[in-house]
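Here's the structure, in structure tokens; my notes come after.
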Amino acid sequence: MKKRGDSEDENMSNSQLPPHGRNWEKVKAEMEAAQKDDSPWYNKRMFIGGSYFGGEDVVEVANEAYQMYINYNALYGTKIFPSLVGYESDIVGALLEMMDAPMGASGSITTGGTESLIMAVKTAYAWARDYRPEAIAPEIVVPHAAHPAFDKTAHLMGIRAVRMTQSPDFRADIEAMERAINDNTVMLAASAPSYPFGVTDSISEIAALVEKHGLWLHVDACHGGFIFPFARKLGYSIPDYDFAVPGVTSISVDVHKLGYANKGVSALLLRDANLETYQRYTFEDWPSGTYSTQNLMGSRSGGGLASAWAVLNYLGEEGYLERVSKILDTREQFLDGIRGIDGLEIWGEPEAYLITFGSDAFDIFAVDEGMTERGWLSSRLLDPPAIHLFLDMSHAAIVDDYLRDLAEVVSAAKSGKIQSSEKGASYSR
């Protein structure tokens, strides 16, 4: 009787370590065969987050730089890889300037937006021991549309995340957030913009609450960080969201989104470098001496840092302005076209590259399934039911095709020719 993992070829197994090594060409061929079922990593007909395409030339720069440092361990940068230390310093410096940080601000590189949010909460929690000693059972107050990583962090740390239940005008419920503040509150969160709606919370109003009650304010600008600074320079009206707002204590920015670095590069920025002492973890009670890190991860490839530094220098301000202009022009074409289809509504007023639309007149999930059948891949929202589009540069070429198909599919949904078979939605696996 064969056991789980047995194979006709004793060298081939997908569920256990093979007893003997295999020829790389055979292994590679098997991987290439498996890869054929995958979607391409970016696609003009795909609106699901994760691609962030900035041009074939940018991809080439990011990949080449990553390969140069793929085997470097960034954990040991200060000891043996000074170039990585320099790259991080340059990247953080550029981000602080983009976020209008004051003199004396600081920051560090993380492996992604989730880690940045984890460290923001951890830092605020440690800070509160000195500045909010009355917080016996610490809580963070989170808008309804804020990223789930806030709740994930609270779960990991054994503290309470108080998430609001509504998003008036698709923004944070300021009145409800103020009502939620009590002696245990240590942090308020805000999004610039939120992932579900692409709309920025009223950061100034939330900052006023922070200053009134002596709290920490973290702004999640992982989606807006590489759009808003350049959009302002292009003449777009962008809400206040960065360190120019008094009361903003920390900001997270993802460089691997529309900064176009390879995956694994985000940043946590602090208004005051002295706050870094609350972020850092240090341990000495073991044989190898001082262990001290700013962030959650230990060993990590230096490739991400290298790719971020390379792309920032390759594009410069001019390159980012060009790409942001193209994305926002494309966004306006989508918004105009969607609004022109009877029965469709844009939820909120998108300020970056995320668009959410639905309908009070017919089943929007039927529309989503109809568009999927035509080869258009997008995400869904449940509250309210909606189709979620994630734009990058590649979508500029297909606006008319998408809108034409959308109008036809909406007509079919209205007439009952197509109906949804599945009502769920998911952000990740």
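Convention: chains lettered A, B, ... in structure tokens order; per-chain residue numbering from 1; ligands numbered from 1 as shown.
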
Could you give me the residues within range 161-386 of chain A that DSSP places in alpha helix (DSSP H), as a compact mmCIF listing (two decimals) with N, CA, C and O atoms, in the first residue's frame?
```txt
# COMPACT_ATOMS: atom_id res chain seq x y z
N ILE A 174 -15.39 60.07 13.22
CA ILE A 174 -14.67 60.86 14.22
C ILE A 174 -15.42 60.89 15.56
O ILE A 174 -14.82 60.73 16.63
N GLU A 175 -16.73 61.10 15.50
CA GLU A 175 -17.50 61.18 16.74
C GLU A 175 -17.46 59.87 17.50
O GLU A 175 -17.31 59.85 18.73
N ALA A 176 -17.58 58.76 16.78
CA ALA A 176 -17.53 57.46 17.44
C ALA A 176 -16.14 57.19 18.01
O ALA A 176 -16.01 56.60 19.09
N MET A 177 -15.10 57.62 17.30
CA MET A 177 -13.75 57.43 17.81
C MET A 177 -13.55 58.20 19.12
O MET A 177 -12.96 57.68 20.08
N GLU A 178 -14.07 59.42 19.18
CA GLU A 178 -13.93 60.19 20.42
C GLU A 178 -14.69 59.53 21.56
O GLU A 178 -14.21 59.49 22.69
N ARG A 179 -15.87 59.01 21.27
CA ARG A 179 -16.64 58.32 22.31
C ARG A 179 -15.91 57.08 22.82
O ARG A 179 -16.09 56.67 23.97
N ALA A 180 -15.11 56.47 21.96
CA ALA A 180 -14.41 55.24 22.34
C ALA A 180 -13.18 55.49 23.20
O ALA A 180 -12.65 54.57 23.81
N ILE A 203 -7.56 63.34 8.88
CA ILE A 203 -6.40 63.23 9.77
C ILE A 203 -6.36 64.40 10.75
O ILE A 203 -6.03 64.22 11.93
N SER A 204 -6.68 65.59 10.27
CA SER A 204 -6.62 66.77 11.15
C SER A 204 -7.58 66.64 12.32
O SER A 204 -7.24 67.00 13.46
N GLU A 205 -8.77 66.14 12.07
CA GLU A 205 -9.74 65.98 13.15
C GLU A 205 -9.31 64.90 14.14
O GLU A 205 -9.47 65.04 15.36
N ILE A 206 -8.75 63.80 13.62
CA ILE A 206 -8.27 62.74 14.51
C ILE A 206 -7.06 63.24 15.29
O ILE A 206 -6.92 62.95 16.49
N ALA A 207 -6.20 64.04 14.65
CA ALA A 207 -5.03 64.59 15.34
C ALA A 207 -5.46 65.52 16.47
O ALA A 207 -4.79 65.58 17.52
N ALA A 208 -6.55 66.24 16.28
CA ALA A 208 -7.05 67.11 17.35
C ALA A 208 -7.46 66.28 18.56
O ALA A 208 -7.24 66.70 19.71
N LEU A 209 -8.05 65.11 18.32
CA LEU A 209 -8.41 64.23 19.43
C LEU A 209 -7.16 63.74 20.16
O LEU A 209 -7.12 63.64 21.39
N VAL A 210 -6.14 63.41 19.38
CA VAL A 210 -4.89 62.93 19.95
C VAL A 210 -4.26 63.98 20.87
O VAL A 210 -3.81 63.69 21.99
N GLU A 211 -4.22 65.21 20.38
CA GLU A 211 -3.62 66.27 21.18
C GLU A 211 -4.46 66.59 22.42
O GLU A 211 -3.92 66.88 23.49
N LYS A 212 -5.76 66.49 22.28
CA LYS A 212 -6.67 66.74 23.41
C LYS A 212 -6.49 65.72 24.52
O LYS A 212 -6.52 66.05 25.71
N HIS A 213 -6.30 64.45 24.13
CA HIS A 213 -6.27 63.37 25.12
C HIS A 213 -4.87 62.83 25.39
O HIS A 213 -4.72 61.92 26.21
N PHE A 228 0.44 60.65 -3.00
CA PHE A 228 0.05 61.98 -2.54
C PHE A 228 1.11 63.06 -2.69
O PHE A 228 0.80 64.17 -3.14
N PRO A 229 2.39 62.80 -2.33
CA PRO A 229 3.38 63.88 -2.48
C PRO A 229 3.51 64.37 -3.92
O PRO A 229 3.68 65.57 -4.16
N PHE A 230 3.44 63.44 -4.86
CA PHE A 230 3.59 63.81 -6.27
C PHE A 230 2.29 64.36 -6.84
O PHE A 230 2.32 65.24 -7.70
N ALA A 231 1.16 63.84 -6.36
CA ALA A 231 -0.13 64.37 -6.81
C ALA A 231 -0.26 65.85 -6.45
O ALA A 231 -0.78 66.66 -7.23
N ARG A 232 0.22 66.21 -5.27
CA ARG A 232 0.19 67.62 -4.87
C ARG A 232 1.01 68.48 -5.82
O ARG A 232 0.58 69.56 -6.23
N LYS A 233 2.18 67.99 -6.18
CA LYS A 233 3.04 68.75 -7.10
C LYS A 233 2.40 68.87 -8.48
O LYS A 233 2.69 69.81 -9.22
N GLU A 276 12.32 56.20 19.03
CA GLU A 276 12.86 54.91 18.56
C GLU A 276 13.20 53.98 19.72
O GLU A 276 13.17 52.76 19.58
N THR A 277 13.47 54.56 20.88
CA THR A 277 13.79 53.71 22.03
C THR A 277 12.61 52.82 22.43
O THR A 277 12.79 51.73 22.95
N TYR A 278 11.38 53.28 22.12
CA TYR A 278 10.19 52.48 22.41
C TYR A 278 9.95 51.44 21.31
O TYR A 278 9.28 50.44 21.55
N GLN A 279 10.48 51.68 20.15
CA GLN A 279 10.33 50.74 19.03
C GLN A 279 11.31 49.58 19.15
O GLN A 279 10.97 48.43 18.84
N GLY A 303 18.16 42.18 -0.61
CA GLY A 303 17.70 42.48 -1.97
C GLY A 303 16.63 43.56 -2.02
O GLY A 303 16.63 44.41 -2.91
N GLY A 304 15.69 43.52 -1.07
CA GLY A 304 14.62 44.51 -1.07
C GLY A 304 15.14 45.92 -0.89
O GLY A 304 14.75 46.85 -1.61
N LEU A 305 16.03 46.09 0.08
CA LEU A 305 16.64 47.40 0.31
C LEU A 305 17.35 47.89 -0.94
O LEU A 305 17.22 49.05 -1.34
N ALA A 306 18.13 47.01 -1.54
CA ALA A 306 18.89 47.39 -2.74
C ALA A 306 17.96 47.79 -3.87
O ALA A 306 18.21 48.78 -4.58
N SER A 307 16.88 47.03 -4.07
CA SER A 307 15.96 47.35 -5.16
C SER A 307 15.28 48.69 -4.91
O SER A 307 15.08 49.48 -5.83
N ALA A 308 14.92 48.97 -3.65
CA ALA A 308 14.27 50.24 -3.32
C ALA A 308 15.20 51.41 -3.61
O ALA A 308 14.80 52.41 -4.23
N TRP A 309 16.44 51.30 -3.15
CA TRP A 309 17.40 52.39 -3.37
C TRP A 309 17.64 52.60 -4.86
O TRP A 309 17.70 53.74 -5.35
N ALA A 310 17.76 51.50 -5.58
CA ALA A 310 18.04 51.60 -7.02
C ALA A 310 16.89 52.27 -7.76
O ALA A 310 17.11 53.15 -8.61
N VAL A 311 15.66 51.87 -7.45
CA VAL A 311 14.51 52.44 -8.17
C VAL A 311 14.31 53.91 -7.81
O VAL A 311 14.01 54.74 -8.69
N LEU A 312 14.46 54.26 -6.52
CA LEU A 312 14.34 55.66 -6.13
C LEU A 312 15.31 56.53 -6.91
O LEU A 312 14.97 57.64 -7.35
N ASN A 313 16.53 56.03 -7.08
CA ASN A 313 17.54 56.81 -7.80
C ASN A 313 17.34 56.75 -9.30
O ASN A 313 17.66 57.71 -10.01
N TYR A 314 16.82 55.64 -9.80
CA TYR A 314 16.58 55.51 -11.23
C TYR A 314 15.46 56.45 -11.69
O TYR A 314 15.57 57.13 -12.71
N LEU A 315 14.38 56.50 -10.91
CA LEU A 315 13.23 57.31 -11.31
C LEU A 315 13.40 58.77 -10.91
O LEU A 315 13.11 59.68 -11.71
N GLY A 316 13.84 59.00 -9.68
CA GLY A 316 13.90 60.37 -9.20
C GLY A 316 12.51 61.00 -9.17
O GLY A 316 11.50 60.37 -9.51
N GLU A 317 12.45 62.23 -8.76
CA GLU A 317 11.16 62.92 -8.66
C GLU A 317 10.45 62.97 -10.01
O GLU A 317 9.24 62.75 -10.11
N GLU A 318 11.20 63.25 -11.06
CA GLU A 318 10.61 63.36 -12.39
C GLU A 318 9.93 62.06 -12.81
O GLU A 318 8.81 62.08 -13.36
N GLY A 319 10.58 60.92 -12.55
CA GLY A 319 10.01 59.65 -12.94
C GLY A 319 8.74 59.32 -12.17
O GLY A 319 7.77 58.79 -12.74
N TYR A 320 8.73 59.64 -10.88
CA TYR A 320 7.52 59.39 -10.09
C TYR A 320 6.39 60.33 -10.50
O TYR A 320 5.22 59.91 -10.58
N LEU A 321 6.71 61.57 -10.77
CA LEU A 321 5.67 62.50 -11.24
C LEU A 321 5.03 61.99 -12.53
O LEU A 321 3.81 62.06 -12.70
N GLU A 322 5.84 61.51 -13.43
CA GLU A 322 5.33 60.99 -14.71
C GLU A 322 4.37 59.82 -14.48
O GLU A 322 3.30 59.76 -15.09
N ARG A 323 4.75 58.90 -13.61
CA ARG A 323 3.92 57.71 -13.38
C ARG A 323 2.65 58.03 -12.59
O ARG A 323 1.58 57.52 -12.90
N VAL A 324 2.77 58.90 -11.60
CA VAL A 324 1.58 59.29 -10.84
C VAL A 324 0.60 60.04 -11.73
O VAL A 324 -0.61 59.82 -11.67
N SER A 325 1.12 60.90 -12.59
CA SER A 325 0.25 61.63 -13.52
C SER A 325 -0.53 60.67 -14.41
O SER A 325 -1.74 60.83 -14.61
N LYS A 326 0.16 59.65 -14.91
CA LYS A 326 -0.50 58.68 -15.79
C LYS A 326 -1.56 57.89 -15.03
O LYS A 326 -2.67 57.65 -15.55
N ILE A 327 -1.25 57.48 -13.80
CA ILE A 327 -2.21 56.70 -13.01
C ILE A 327 -3.44 57.54 -12.69
O ILE A 327 -4.59 57.06 -12.81
N LEU A 328 -3.23 58.79 -12.28
CA LEU A 328 -4.37 59.62 -11.90
C LEU A 328 -5.20 60.02 -13.12
O LEU A 328 -6.43 60.14 -13.02
N ASP A 329 -4.57 60.23 -14.25
CA ASP A 329 -5.33 60.46 -15.48
C ASP A 329 -6.20 59.24 -15.80
O ASP A 329 -7.37 59.37 -16.18
N THR A 330 -5.62 58.07 -15.66
CA THR A 330 -6.36 56.83 -15.90
C THR A 330 -7.51 56.69 -14.92
O THR A 330 -8.62 56.29 -15.29
N ARG A 331 -7.25 57.02 -13.65
CA ARG A 331 -8.32 56.96 -12.64
C ARG A 331 -9.50 57.84 -13.04
O ARG A 331 -10.66 57.43 -12.93
N GLU A 332 -9.23 59.05 -13.49
CA GLU A 332 -10.31 59.96 -13.86
C GLU A 332 -11.12 59.41 -15.03
O GLU A 332 -12.35 59.57 -15.09
N GLN A 333 -10.45 58.76 -15.97
CA GLN A 333 -11.18 58.16 -17.09
C GLN A 333 -12.09 57.03 -16.61
O GLN A 333 -13.24 56.92 -17.06
N PHE A 334 -11.58 56.22 -15.69
CA PHE A 334 -12.42 55.15 -15.13
C PHE A 334 -13.61 55.75 -14.38
O PHE A 334 -14.74 55.29 -14.53
N LEU A 335 -13.35 56.74 -13.54
CA LEU A 335 -14.43 57.33 -12.75
C LEU A 335 -15.51 57.94 -13.64
O LEU A 335 -16.71 57.71 -13.42
N ASP A 336 -15.09 58.67 -14.66
CA ASP A 336 -16.07 59.28 -15.58
C ASP A 336 -16.87 58.20 -16.30
O ASP A 336 -18.10 58.32 -16.46
N GLY A 337 -16.19 57.15 -16.75
CA GLY A 337 -16.88 56.10 -17.48
C GLY A 337 -17.84 55.31 -16.61
O GLY A 337 -18.96 54.99 -17.03
N ILE A 338 -17.44 54.99 -15.39
CA ILE A 338 -18.32 54.24 -14.49
C ILE A 338 -19.53 55.07 -14.11
O ILE A 338 -20.67 54.57 -14.10
N ARG A 339 -19.31 56.34 -13.81
CA ARG A 339 -20.44 57.22 -13.46
C ARG A 339 -21.41 57.38 -14.64
O ARG A 339 -22.59 57.67 -14.44
N ILE A 364 -24.41 43.75 -7.86
CA ILE A 364 -23.09 44.10 -8.36
C ILE A 364 -22.18 42.88 -8.45
O ILE A 364 -21.24 42.84 -9.26
N PHE A 365 -22.45 41.86 -7.65
CA PHE A 365 -21.63 40.65 -7.73
C PHE A 365 -21.92 39.87 -9.01
O PHE A 365 -21.06 39.16 -9.52
N ALA A 366 -23.13 40.00 -9.54
CA ALA A 366 -23.42 39.41 -10.85
C ALA A 366 -22.58 40.11 -11.91
O ALA A 366 -22.06 39.46 -12.84
N VAL A 367 -22.43 41.42 -11.77
CA VAL A 367 -21.58 42.17 -12.69
C VAL A 367 -20.13 41.70 -12.58
O VAL A 367 -19.45 41.48 -13.59
N ASP A 368 -19.67 41.51 -11.35
CA ASP A 368 -18.30 41.04 -11.14
C ASP A 368 -18.07 39.69 -11.81
O ASP A 368 -17.05 39.48 -12.47
N GLU A 369 -19.03 38.78 -11.65
CA GLU A 369 -18.87 37.46 -12.26
C GLU A 369 -18.93 37.55 -13.78
O GLU A 369 -18.19 36.85 -14.49
N GLY A 370 -19.77 38.44 -14.29
CA GLY A 370 -19.84 38.64 -15.74
C GLY A 370 -18.54 39.20 -16.29
O GLY A 370 -18.08 38.79 -17.37
N MET A 371 -17.94 40.11 -15.55
CA MET A 371 -16.66 40.67 -15.99
C MET A 371 -15.55 39.63 -15.90
O MET A 371 -14.66 39.58 -16.75
N THR A 372 -15.61 38.79 -14.88
CA THR A 372 -14.61 37.73 -14.74
C THR A 372 -14.68 36.77 -15.93
O THR A 372 -13.65 36.34 -16.46
N GLU A 373 -15.89 36.46 -16.36
CA GLU A 373 -16.05 35.58 -17.53
C GLU A 373 -15.43 36.19 -18.78
O GLU A 373 -15.01 35.47 -19.69
```

Exercise for the section: Identify all residues of range 159-393 of chain A in strand (DSSP E) (DSSP on the backbone) and supply them as a VMD selection string. Expected result: chain A and resid 160 to 163 185 to 191 216 to 220 250 to 254 266 to 270 281 to 283 291 to 293 345 to 346 354 to 358 379 to 382 385 to 390

Practice task
Point out the residue among A:Ala261, A:Gly416, A:Met31, A:Ile91 with the least atom-to-atom distance to Gly112 in chain A, counting only C-alpha atoms.
Solution key: A:Ala261

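Omitting range 113-123 of chain A and its sequence neighbours fewer than 6 positions away, and counting only C-alpha atoms, the residues within 7 Å are Ala149, Phe150, Thr153, His218, Cys222, Ser252, Asp254, Ser266, Ala267, Leu268, Tyr278, Gln279, Asn295 and Leu296 of chain A.
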
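Minimum atom-to-atom distances from A:Pro350, A:Gly93, A:Pro133, A:Pro18 to Ser194 in chain A were compared using only C-alpha atoms, and the lowest value belongs to A:Pro350.
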
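Residue nearest Met99 in chain A, chosen from A:Leu275, A:Leu269, A:Val409, A:Ile140 and counting only C-alpha atoms: A:Leu269.
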
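We find CA of Pro82 in chain A and CA of Val61 in chain A to be spaced 21.1 Å apart.
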
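We find CA of Leu270 in chain A and CA of Asp220 in chain A to be spaced 12.4 Å apart.
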